[in-house]
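Next comes coords_18.tsv, with TSV, C-alpha atoms.
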chain	number	residue	atom	x	y	z
A	1	MET	CA	172.77	159.77	108.48
A	2	ARG	CA	173.57	162.70	106.19
A	3	ARG	CA	171.17	162.90	103.29
A	4	LEU	CA	172.07	164.69	100.04
A	5	LEU	CA	169.47	165.58	97.44
A	6	ILE	CA	171.10	166.57	94.15
A	7	PHE	CA	168.99	169.43	92.97
A	8	ALA	CA	166.86	168.97	89.89
A	9	PHE	CA	167.07	172.59	88.79
A	10	ALA	CA	170.71	172.08	87.83
A	11	LEU	CA	169.51	169.55	85.27
A	12	LEU	CA	166.68	171.79	84.17
A	13	GLY	CA	169.07	174.47	83.08
A	14	LEU	CA	168.65	177.25	85.63
A	15	LEU	CA	172.25	177.25	86.77
A	16	PRO	CA	173.74	177.08	83.26
A	17	LEU	CA	171.62	180.10	82.32
A	18	TRP	CA	172.96	182.00	85.30
A	19	ILE	CA	176.54	180.98	84.59
A	20	GLY	CA	176.16	182.06	80.99
A	21	ALA	CA	174.94	185.47	82.15
A	22	VAL	CA	177.93	186.10	84.35
A	23	HIS	CA	180.33	184.60	81.80
A	24	ALA	CA	179.86	187.65	79.66
A	25	GLN	CA	181.41	189.72	82.46
A	26	GLN	CA	183.78	187.19	83.97
A	27	SER	CA	187.47	187.99	84.32
A	28	GLY	CA	188.73	184.45	84.58
A	29	GLY	CA	189.53	182.18	87.48
A	30	PHE	CA	191.90	182.93	90.33
A	31	THR	CA	194.95	181.07	91.62
A	32	THR	CA	197.46	181.98	94.30
A	33	THR	CA	200.92	180.92	95.40
A	34	ALA	CA	199.72	180.75	99.01
A	35	LYS	CA	199.90	177.23	100.45
A	36	ASN	CA	196.54	177.73	102.15
A	37	ALA	CA	193.94	180.35	101.29
A	38	ILE	CA	190.28	181.25	101.52
A	39	LEU	CA	188.14	184.20	100.47
A	40	MET	CA	184.73	184.62	102.12
A	41	ASP	CA	181.76	186.89	101.52
A	42	TYR	CA	181.12	188.36	104.97
A	43	ASP	CA	177.34	188.80	104.79
A	44	SER	CA	176.43	185.36	103.46
A	45	GLY	CA	179.46	183.36	104.58
A	46	SER	CA	179.79	182.05	101.02
A	47	ILE	CA	183.24	180.86	100.02
A	48	ILE	CA	184.39	182.60	96.86
A	49	TYR	CA	187.76	180.88	96.66
A	50	GLN	CA	189.58	178.23	98.68
A	51	LYS	CA	192.82	176.31	98.50
A	52	SER	CA	193.72	173.62	101.07
A	53	ALA	CA	191.52	175.60	103.46
A	54	ASP	CA	190.92	172.72	105.88
A	55	GLU	CA	194.55	171.74	106.46
A	56	LEU	CA	195.75	172.28	110.02
A	57	VAL	CA	198.91	174.38	109.90
A	58	PRO	CA	200.84	176.71	112.24
A	59	PRO	CA	198.96	180.05	112.33
A	60	ALA	CA	201.71	182.20	113.89
A	61	SER	CA	200.42	185.54	115.20
A	62	MET	CA	197.13	185.19	113.33
A	63	SER	CA	196.01	183.05	116.26
A	64	LYS	CA	196.18	186.19	118.41
A	65	LEU	CA	192.67	186.77	117.04
A	66	MET	CA	191.54	183.97	119.35
A	67	THR	CA	193.41	185.56	122.26
A	68	LEU	CA	191.42	188.70	121.55
A	69	ALA	CA	188.17	186.74	121.17
A	70	VAL	CA	188.54	185.41	124.72
A	71	LEU	CA	189.37	188.88	126.04
A	72	PHE	CA	186.58	190.62	124.11
A	73	LYS	CA	184.01	188.16	125.46
A	74	ALA	CA	185.17	188.77	129.03
A	75	LEU	CA	184.84	192.53	128.50
A	76	LYS	CA	181.39	192.15	126.95
A	77	ASP	CA	180.27	189.91	129.81
A	78	GLY	CA	181.35	192.55	132.31
A	79	LYS	CA	184.13	190.51	133.93
A	80	TYR	CA	186.60	193.29	133.17
A	81	LYS	CA	186.55	196.95	132.17
A	82	PRO	CA	188.90	198.52	129.61
A	83	GLU	CA	190.60	200.51	132.34
A	84	ASP	CA	191.36	197.43	134.46
A	85	GLU	CA	195.05	196.60	134.60
A	86	PHE	CA	197.09	193.41	134.24
A	87	GLN	CA	200.64	193.16	135.58
A	88	THR	CA	203.48	191.94	133.37
A	89	SER	CA	205.34	189.10	135.05
A	90	GLU	CA	208.99	188.23	134.62
A	91	ASN	CA	207.88	185.31	132.45
A	92	ALA	CA	205.88	187.61	130.16
A	93	TRP	CA	208.76	190.09	129.97
A	94	ARG	CA	211.43	187.46	129.39
A	95	THR	CA	209.59	185.18	126.91
A	96	GLY	CA	207.54	187.80	125.06
A	97	GLY	CA	209.11	191.16	125.82
A	98	ALA	CA	212.38	192.89	125.00
A	99	PRO	CA	214.68	189.97	125.99
A	100	SER	CA	212.76	187.52	123.77
A	101	GLY	CA	213.80	189.04	120.45
A	102	THR	CA	210.22	188.60	119.18
A	103	SER	CA	207.57	191.20	118.39
A	104	ALA	CA	206.97	193.05	121.66
A	105	MET	CA	205.12	195.99	123.14
A	106	PHE	CA	208.15	196.51	125.43
A	107	ILE	CA	206.18	196.54	128.66
A	108	PRO	CA	208.53	197.02	131.64
A	109	ILE	CA	208.76	194.08	134.02
A	110	HIS	CA	206.12	194.18	136.80
A	111	ASN	CA	204.40	197.13	135.09
A	112	LYS	CA	200.60	197.35	135.28
A	113	THR	CA	198.95	198.12	131.94
A	114	PRO	CA	195.28	198.93	131.17
A	115	ILE	CA	193.47	196.32	129.11
A	116	SER	CA	192.68	198.96	126.48
A	117	GLU	CA	196.41	199.50	125.88
A	118	LEU	CA	197.15	195.79	125.86
A	119	ILE	CA	194.55	195.32	123.09
A	120	GLN	CA	196.26	197.99	120.98
A	121	GLY	CA	199.64	196.42	121.69
A	122	ILE	CA	198.36	193.05	120.46
A	123	VAL	CA	196.63	194.35	117.33
A	124	VAL	CA	198.99	197.09	116.16
A	125	GLN	CA	202.37	195.81	117.34
A	126	SER	CA	201.57	192.08	117.70
A	127	GLY	CA	203.15	192.24	121.14
A	128	ASN	CA	203.86	188.83	122.58
A	129	ASP	CA	204.45	190.32	126.01
A	130	ALA	CA	200.97	191.87	125.85
A	131	CYS	CA	199.45	188.47	124.94
A	132	ILE	CA	201.21	186.67	127.79
A	133	THR	CA	200.22	189.44	130.21
A	134	VAL	CA	196.58	189.00	129.19
A	135	ALA	CA	196.80	185.21	129.48
A	136	GLU	CA	198.33	185.29	132.95
A	137	GLY	CA	196.02	188.08	134.09
A	138	MET	CA	192.88	186.22	133.03
A	139	ALA	CA	193.77	182.58	133.68
A	140	GLY	CA	196.85	182.59	135.91
A	141	SER	CA	199.08	180.93	133.32
A	142	VAL	CA	199.51	180.57	129.58
A	143	PRO	CA	198.52	176.85	129.49
A	144	GLU	CA	195.31	177.57	131.38
A	145	PHE	CA	194.50	180.45	129.05
A	146	ALA	CA	195.12	178.21	126.04
A	147	LYS	CA	192.36	175.97	127.40
A	148	LEU	CA	190.05	178.99	127.40
A	149	MET	CA	191.02	179.68	123.79
A	150	GLU	CA	190.18	176.15	122.74
A	151	ALA	CA	186.89	176.18	124.64
A	152	GLU	CA	185.92	179.47	122.99
A	153	ALA	CA	186.84	178.05	119.59
A	154	ARG	CA	184.46	175.14	120.12
A	155	ARG	CA	181.73	177.45	121.41
A	156	ILE	CA	181.76	179.59	118.28
A	157	GLY	CA	181.91	176.63	115.91
A	158	LEU	CA	185.58	175.98	115.20
A	159	PRO	CA	186.01	172.21	115.67
A	160	LYS	CA	189.60	171.70	114.53
A	161	SER	CA	191.79	174.48	115.96
A	162	THR	CA	194.10	173.63	118.84
A	163	PHE	CA	195.93	176.16	121.02
A	164	ARG	CA	198.94	175.92	123.30
A	165	ASN	CA	199.76	179.57	123.89
A	166	SER	CA	198.36	183.09	123.54
A	167	THR	CA	201.03	184.39	121.16
A	168	GLY	CA	201.15	182.07	118.16
A	169	LEU	CA	204.86	181.38	118.76
A	170	HIS	CA	205.58	177.96	117.35
A	171	ASP	CA	204.33	174.87	119.10
A	172	PRO	CA	203.73	171.70	117.04
A	173	GLU	CA	200.28	171.34	118.63
A	174	HIS	CA	199.24	174.96	118.08
A	175	LEU	CA	197.34	174.71	114.78
A	176	MET	CA	194.53	176.32	112.80
A	177	THR	CA	193.01	176.11	109.34
A	178	ALA	CA	192.48	178.95	106.88
A	179	ARG	CA	188.74	178.31	107.03
A	180	GLU	CA	188.58	178.54	110.81
A	181	LEU	CA	190.65	181.73	110.78
A	182	ALA	CA	188.14	183.26	108.36
A	183	LEU	CA	185.22	182.10	110.49
A	184	LEU	CA	186.93	183.55	113.56
A	185	ALA	CA	187.42	186.89	111.82
A	186	ARG	CA	183.76	186.93	110.77
A	187	TYR	CA	182.70	186.16	114.32
A	188	LEU	CA	184.81	188.98	115.76
A	189	ILE	CA	183.42	191.52	113.29
A	190	LYS	CA	179.83	190.46	113.95
A	191	SER	CA	180.06	190.04	117.72
A	192	TYR	CA	182.30	192.92	118.77
A	193	PRO	CA	181.70	195.87	116.44
A	194	GLU	CA	182.81	198.27	119.19
A	195	GLN	CA	186.21	196.57	119.28
A	196	PHE	CA	186.60	196.12	115.53
A	197	LYS	CA	187.83	199.66	114.88
A	198	VAL	CA	191.13	198.89	116.64
A	199	PHE	CA	192.08	196.57	113.77
A	200	GLY	CA	192.20	199.56	111.44
A	201	GLN	CA	194.28	201.66	113.83
A	202	ARG	CA	197.41	202.83	112.02
A	203	GLU	CA	199.56	203.88	115.01
A	204	PHE	CA	199.86	203.22	118.72
A	205	LEU	CA	201.85	205.41	121.13
A	206	TYR	CA	203.02	203.58	124.23
A	207	ARG	CA	205.44	205.21	126.65
A	208	LYS	CA	208.39	206.28	124.46
A	209	HIS	CA	207.47	203.92	121.63
A	210	LYS	CA	205.50	204.66	118.47
A	211	PHE	CA	204.25	201.51	116.82
A	212	TYR	CA	202.87	201.24	113.27
A	213	ASN	CA	200.29	198.66	112.31
A	214	ARG	CA	201.94	195.67	110.64
A	215	ASN	CA	199.11	195.28	108.13
A	216	PRO	CA	200.59	196.87	104.96
A	217	LEU	CA	197.25	196.95	103.14
A	218	LEU	CA	195.57	199.41	105.52
A	219	SER	CA	196.98	202.26	103.45
A	220	ALA	CA	196.65	200.59	100.04
A	221	GLY	CA	193.38	202.30	99.12
A	222	ILE	CA	191.48	199.05	98.49
A	223	GLY	CA	189.06	199.20	101.43
A	224	VAL	CA	191.13	197.18	103.92
A	225	ASP	CA	190.27	197.97	107.55
A	226	GLY	CA	191.80	194.97	109.44
A	227	MET	CA	192.80	192.37	110.71
A	228	LYS	CA	196.08	190.49	111.59
A	229	THR	CA	199.40	189.45	110.08
A	230	GLY	CA	201.55	186.52	111.19
A	231	HIS	CA	205.00	185.08	110.67
A	232	THR	CA	207.21	182.39	112.14
A	233	LYS	CA	209.88	180.28	110.49
A	234	GLU	CA	207.63	177.23	110.61
A	235	ALA	CA	204.43	178.98	109.45
A	236	GLY	CA	205.90	181.30	106.85
A	237	TYR	CA	204.17	184.62	106.19
A	238	GLY	CA	200.40	184.86	106.44
A	239	MET	CA	197.58	187.33	106.88
A	240	VAL	CA	193.93	187.52	107.88
A	241	VAL	CA	192.46	190.54	106.13
A	242	THR	CA	189.07	192.15	105.61
A	243	SER	CA	187.97	194.84	103.17
A	244	LEU	CA	184.82	196.81	102.48
A	245	VAL	CA	184.21	197.92	98.89
A	246	ASP	CA	180.89	199.25	97.57
A	247	GLY	CA	179.02	197.82	100.55
A	248	ARG	CA	180.43	194.29	100.21
A	249	ARG	CA	182.79	193.05	102.89
A	250	LEU	CA	185.25	190.29	102.11
A	251	ILE	CA	187.36	188.26	104.53
A	252	GLY	CA	190.56	186.68	103.23
A	253	VAL	CA	193.14	184.36	104.74
A	254	VAL	CA	196.46	183.52	103.10
A	255	MET	CA	199.17	181.35	104.65
A	256	GLY	CA	202.58	179.89	103.90
A	257	PHE	CA	204.34	182.59	101.87
A	258	GLU	CA	208.14	182.75	101.82
A	259	ASN	CA	208.42	186.52	102.22
A	260	GLU	CA	206.51	189.69	103.11
A	261	LYS	CA	206.46	191.05	99.58
A	262	GLU	CA	204.71	188.00	98.19
A	263	ARG	CA	202.25	188.00	101.08
A	264	GLN	CA	201.33	191.63	100.42
A	265	SER	CA	201.01	191.36	96.65
A	266	GLU	CA	199.08	188.07	96.64
A	267	THR	CA	196.67	189.22	99.36
A	268	ARG	CA	195.99	192.45	97.51
A	269	ARG	CA	195.47	190.61	94.25
A	270	MET	CA	192.97	188.21	95.88
A	271	LEU	CA	190.95	191.04	97.43
A	272	GLU	CA	190.87	193.05	94.21
A	273	TRP	CA	189.82	189.98	92.24
A	274	GLY	CA	187.13	189.16	94.78
A	275	ALA	CA	185.71	192.68	94.75
A	276	LYS	CA	185.05	192.61	91.00
A	277	SER	CA	184.62	188.92	90.24
A	278	VAL	CA	181.66	187.87	92.36
A	279	SER	CA	178.06	187.52	91.25
A	280	SER	CA	174.85	186.81	93.11
A	281	ALA	CA	171.71	185.33	91.60
A	282	LYS	CA	168.20	184.82	92.93
A	283	LEU	CA	167.09	181.24	92.32
A	284	PHE	CA	163.83	181.11	94.30
A	285	ASP	CA	161.30	183.67	95.47
A	286	ALA	CA	160.40	184.06	99.13
A	287	GLY	CA	158.09	181.24	100.20
A	288	GLU	CA	158.81	179.13	97.13
A	289	ALA	CA	159.61	175.49	97.91
A	290	VAL	CA	163.26	174.75	97.22
A	291	GLY	CA	162.94	171.04	97.91
A	292	TYR	CA	161.76	168.50	100.48
A	293	ALA	CA	163.29	166.75	103.50
A	294	ARG	CA	162.28	163.27	104.60
A	295	VAL	CA	160.50	163.04	107.97
A	296	TRP	CA	160.43	159.67	109.74
A	297	GLY	CA	157.36	158.88	111.82
A	298	GLY	CA	155.49	162.05	110.92
A	299	GLU	CA	152.00	162.68	109.65
A	300	ASP	CA	153.69	163.60	106.37
A	301	PHE	CA	156.62	161.77	104.82
A	302	TYR	CA	158.22	165.02	103.62
A	303	VAL	CA	158.35	168.65	104.68
A	304	PRO	CA	158.77	171.42	102.08
A	305	LEU	CA	161.84	173.64	102.50
A	306	THR	CA	162.13	177.38	101.82
A	307	GLY	CA	164.73	180.06	102.28
A	308	ASP	CA	164.48	183.04	104.60
A	309	GLY	CA	163.08	185.37	101.97
A	310	ASP	CA	164.43	185.18	98.43
A	311	LEU	CA	167.06	182.46	98.03
A	312	GLU	CA	170.26	183.79	96.51
A	313	VAL	CA	173.62	182.20	95.85
A	314	ILE	CA	176.97	183.97	95.57
A	315	LEU	CA	179.73	182.51	93.42
A	316	PRO	CA	182.70	183.84	91.46
A	317	LYS	CA	182.40	184.56	87.75
A	318	TYR	CA	184.40	181.59	86.53
A	319	PRO	CA	184.46	180.42	82.91
A	320	VAL	CA	181.35	178.64	81.70
A	321	ASN	CA	182.99	175.20	81.78
A	322	GLN	CA	183.18	175.17	85.58
A	323	LYS	CA	181.37	172.26	87.22
A	324	ILE	CA	178.35	173.36	89.27
A	325	ARG	CA	176.75	171.08	91.86
A	326	ALA	CA	173.65	172.06	93.83
A	327	GLU	CA	172.29	170.02	96.71
A	328	ILE	CA	170.18	170.10	99.82
A	329	VAL	CA	172.13	168.85	102.83
A	330	TYR	CA	170.57	167.76	106.11
A	331	GLN	CA	170.89	165.20	108.87
A	332	GLY	CA	168.04	162.84	108.29
A	333	PRO	CA	165.54	161.54	108.24
A	334	LEU	CA	164.11	164.32	110.38
A	335	LYS	CA	162.07	163.33	113.41
A	336	PRO	CA	158.77	164.98	114.37
A	337	PRO	CA	157.59	167.29	115.61
A	338	VAL	CA	158.95	169.64	112.96
A	339	LYS	CA	157.74	173.21	113.34
A	340	LYS	CA	157.31	175.77	110.60
A	341	GLY	CA	160.37	178.02	110.64
A	342	ASP	CA	162.77	175.41	112.05
A	343	GLN	CA	166.13	175.46	110.26
A	344	VAL	CA	166.50	171.87	109.13
A	345	ALA	CA	168.78	171.91	106.07
A	346	MET	CA	171.33	173.83	104.03
A	347	PHE	CA	171.19	174.67	100.34
A	348	ARG	CA	174.72	174.27	98.99
A	349	VAL	CA	176.07	175.22	95.56
A	350	THR	CA	179.69	174.32	94.79
A	351	SER	CA	181.90	175.33	91.90
A	352	THR	CA	184.79	173.11	90.80
A	353	ALA	CA	187.35	174.04	88.18
A	354	PRO	CA	187.92	171.62	85.30
A	355	GLY	CA	190.27	168.81	86.27
A	356	SER	CA	189.95	169.48	90.02
A	357	SER	CA	188.16	167.43	92.67
A	358	GLU	CA	188.24	170.07	95.41
A	359	PRO	CA	185.47	172.70	95.23
A	360	ILE	CA	186.92	176.16	94.77
A	361	ALA	CA	183.80	178.08	95.75
A	362	VAL	CA	180.92	177.14	98.06
A	363	SER	CA	177.69	179.05	98.63
A	364	GLU	CA	175.50	177.86	101.51
A	365	THR	CA	172.09	179.16	102.54
A	366	PRO	CA	169.92	177.90	105.44
A	367	LEU	CA	166.64	176.20	104.59
A	368	TYR	CA	163.59	176.19	106.86
A	369	ALA	CA	160.55	173.97	107.28
A	370	GLU	CA	157.60	175.55	105.50
A	371	THR	CA	154.92	173.59	107.39
A	372	ASP	CA	154.42	171.79	110.69
A	373	VAL	CA	154.78	168.02	110.72
A	374	GLU	CA	153.43	166.34	113.84
A	375	GLU	CA	154.19	162.83	115.05
A	376	ALA	CA	152.05	160.11	113.45
A	377	SER	CA	150.21	157.35	115.28
A	378	PHE	CA	152.05	154.28	116.52
A	379	TYR	CA	150.57	152.28	113.63
A	380	TRP	CA	151.85	154.62	110.92
A	381	ARG	CA	155.23	155.00	112.63
A	382	GLY	CA	155.62	151.25	112.35
A	383	ILE	CA	154.72	151.26	108.66
A	384	ASP	CA	157.06	154.19	108.07
A	385	SER	CA	159.90	152.31	109.77
A	386	LEU	CA	159.41	149.37	107.41
A	387	LEU	CA	159.28	151.67	104.40
A	388	HIS	CA	162.37	153.57	105.45
A	389	LEU	CA	164.49	150.53	106.28
A	390	ALA	CA	163.32	148.16	103.58
A	391	LEU	CA	162.03	150.19	100.66
A	392	ARG	CA	163.76	153.56	101.02
A	393	VAL	CA	160.42	155.23	100.29
A	394	THR	CA	160.23	157.62	97.34
A	395	PRO	CA	157.84	160.52	96.71
A	396	ASP	CA	155.79	158.20	94.43
A	397	VAL	CA	155.29	155.72	97.28
A	398	ARG	CA	154.36	158.60	99.54
A	399	ALA	CA	151.64	159.65	97.11
A	400	LEU	CA	150.13	156.18	97.19
A	401	LEU	CA	150.13	156.08	100.98
A	402	ASN	CA	149.05	159.68	101.61
A	403	ARG	CA	146.74	159.55	104.59
A	404	GLN	CA	145.09	162.89	104.04
Produce structure tokens that represent the structure in this file.
Amino acid sequence: MRRLLIFAFALLGLLPLWIGAVHAQQSGGFTTTAKNAILMDYDSGSIIYQKSADELVPPASMSKLMTLAVLFKALKDGKYKPEDEFQTSENAWRTGGAPSGTSAMFIPIHNKTPISELIQGIVVQSGNDACITVAEGMAGSVPEFAKLMEAEARRIGLPKSTFRNSTGLHDPEHLMTARELALLARYLIKSYPEQFKVFGQREFLYRKHKFYNRNPLLSAGIGVDGMKTGHTKEAGYGMVVTSLVDGRRLIGVVMGFENEKERQSETRRMLEWGAKSVSSAKLFDAGEAVGYARVWGGEDFYVPLTGDGDLEVILPKYPVNQKIRAEIVYQGPLKPPVKKGDQVAMFRVTSTAPGSSEPIAVSETPLYAETDVEEASFYWRGIDSLLHLALRVTPDVRALLNRQ
């Protein structure tokens, strides 16, 4: 059962004091015309802004990031080398190449192309023929490769995304959320730093073709250094983008625009707002107990929780009348043995605009057990079961029954 402890410090005034401090600098809230959007702080994973971020929608070519994730993992695992070649089949040429009328790298039929060039063709030119060539080269067919994409999504913690091809061309069952696209981008940056530089590559020369990166913000002077645009009739115009300004990296996803101009201007506006409208605050010192988690059948009823070092939260500088909710979230009660240093909970702070029920910003920080809790004797486990099921034991009851 999920247990939520609404945090007392919100009532004691710590959060209002913090909000008041940033209110003096705040530049107002943020809204966008995107149908789906999310803005994430890369280092902490905190969500600075979100709008319908968990709705499954067509991702178009933004899902090519998952195609690359599968390929990057195979390269890192040593299954392939960058100089290894995949051959472009008639299917890849016809359905993703020049005859398809879609974005293509224009690989000649039956041509063998090094993986390193295929990666550039996917990132810079969004080549569908390159994606299909990779899929068939790695898995034998596009449907089999789509299974690899979905398996990799689950492995890295994306529970909702479903894939039916390597290109992002429309299929009613090929769907992603803005949140999972942002998490995927964060994973790629963290896991494959040696590959990340290709996302900022401005040009790619292939045979007689000179391709220019489709990300219009790479040259905007706002710190953008990746990642992927997307467009189909069904999906509209979208973009996964990341920027680095003054040491802070942001990851943004916008989806569902009607035209390229709106996509570019709204994405830029979101990144610029995020770069200047975010504040962090230290709420607890390293080693200071943030709260307690219930332990069933342990020598102690509760285990104190601490952060990994100082506990900080990151939220946007919204007006002071935003609704702030702080809570400890964990699956509980915990079961012994619990070891000091085990991650057992999350500290979550959400910000909701007036009149809205959906949190706009979410800051989450892992919490760890501060002490060991060993399993209690059979006798005390029985008493604890009765207390848990019948009385829903409170800290006051625990004090009365403390066996130490």
At a cut-off of 12 Å, can you tabulate as JSON lines every residue of stretch 270-302 of chain A near stretch 204-228 of chain A together with its closest atom pair and the distance in Å to one decimal, using only C-alpha atoms and ordering rows by chain then number?
{"residue": "A:Met270", "atom": "CA", "partner": "A:Ile222", "partner_atom": "CA", "distance": 11.2}
{"residue": "A:Leu271", "atom": "CA", "partner": "A:Ile222", "partner_atom": "CA", "distance": 8.1}
{"residue": "A:Glu272", "atom": "CA", "partner": "A:Ile222", "partner_atom": "CA", "distance": 7.4}
{"residue": "A:Trp273", "atom": "CA", "partner": "A:Ile222", "partner_atom": "CA", "distance": 11.1}
{"residue": "A:Gly274", "atom": "CA", "partner": "A:Ile222", "partner_atom": "CA", "distance": 11.4}
{"residue": "A:Ala275", "atom": "CA", "partner": "A:Ile222", "partner_atom": "CA", "distance": 9.4}
{"residue": "A:Lys276", "atom": "CA", "partner": "A:Ile222", "partner_atom": "CA", "distance": 11.8}
Leaving out stretch 339-342 of chain A and any residue of its chain fewer than 5 positions from it, which residues lie within 6 Å of it when counting only C-alpha atoms, given as a compact mmCIF listing (two decimals) with C-alpha atoms, in the coordinates of the input?
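selection_23.txt, freshly written:
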# COMPACT_ATOMS: atom_id res chain seq x y z
CA TYR A 368 163.59 176.19 106.86
CA ALA A 369 160.55 173.97 107.28
CA GLU A 370 157.60 175.55 105.50
CA THR A 371 154.92 173.59 107.39
CA ASP A 372 154.42 171.79 110.69
Review point. Do you have the atom CA of A:Gln322-atom CA of A:Lys51 distance handy?
Key: 16.2 Å
Practice item. Skip A:Tyr292 itself and residues of its chain fewer than 4 positions away, then list as a list of chain:residue names all residues within 8 Å of it, counting all atoms listed in the file. Key: A:Tyr302, A:Val303, A:Pro304, A:Leu305
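In this comparison, which uses all atoms listed in the file, the residue of A:Arg202, A:Lys261, A:Lys79, A:Arg186 approaching A:Thr242 most closely is A:Arg186.
Going from atom CA of A:Ala37 over to atom CA of A:Gly121, you cover 26.6 Å.
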Exercise for review: Identify the residues within 9 Å of coordinate (205.2, 187.8, 130.3) (same frame as the file), considering all atoms listed in the file, and give the answer as an MDAnalysis selection string.
Suggested key: chainID A and resid 87:97 107 109 128:136
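With only C-alpha atoms as the atoms that count, the minimum distance from A:Val362 to the choices A:Ala326, A:Leu169, A:Ala146, A:Ala60 is reached by A:Ala326.
Using all atoms listed in the file, the shortest contact distance between A:Thr31 and any of A:Phe378, A:Leu56, A:Tyr49, A:Phe145 is found at A:Tyr49.
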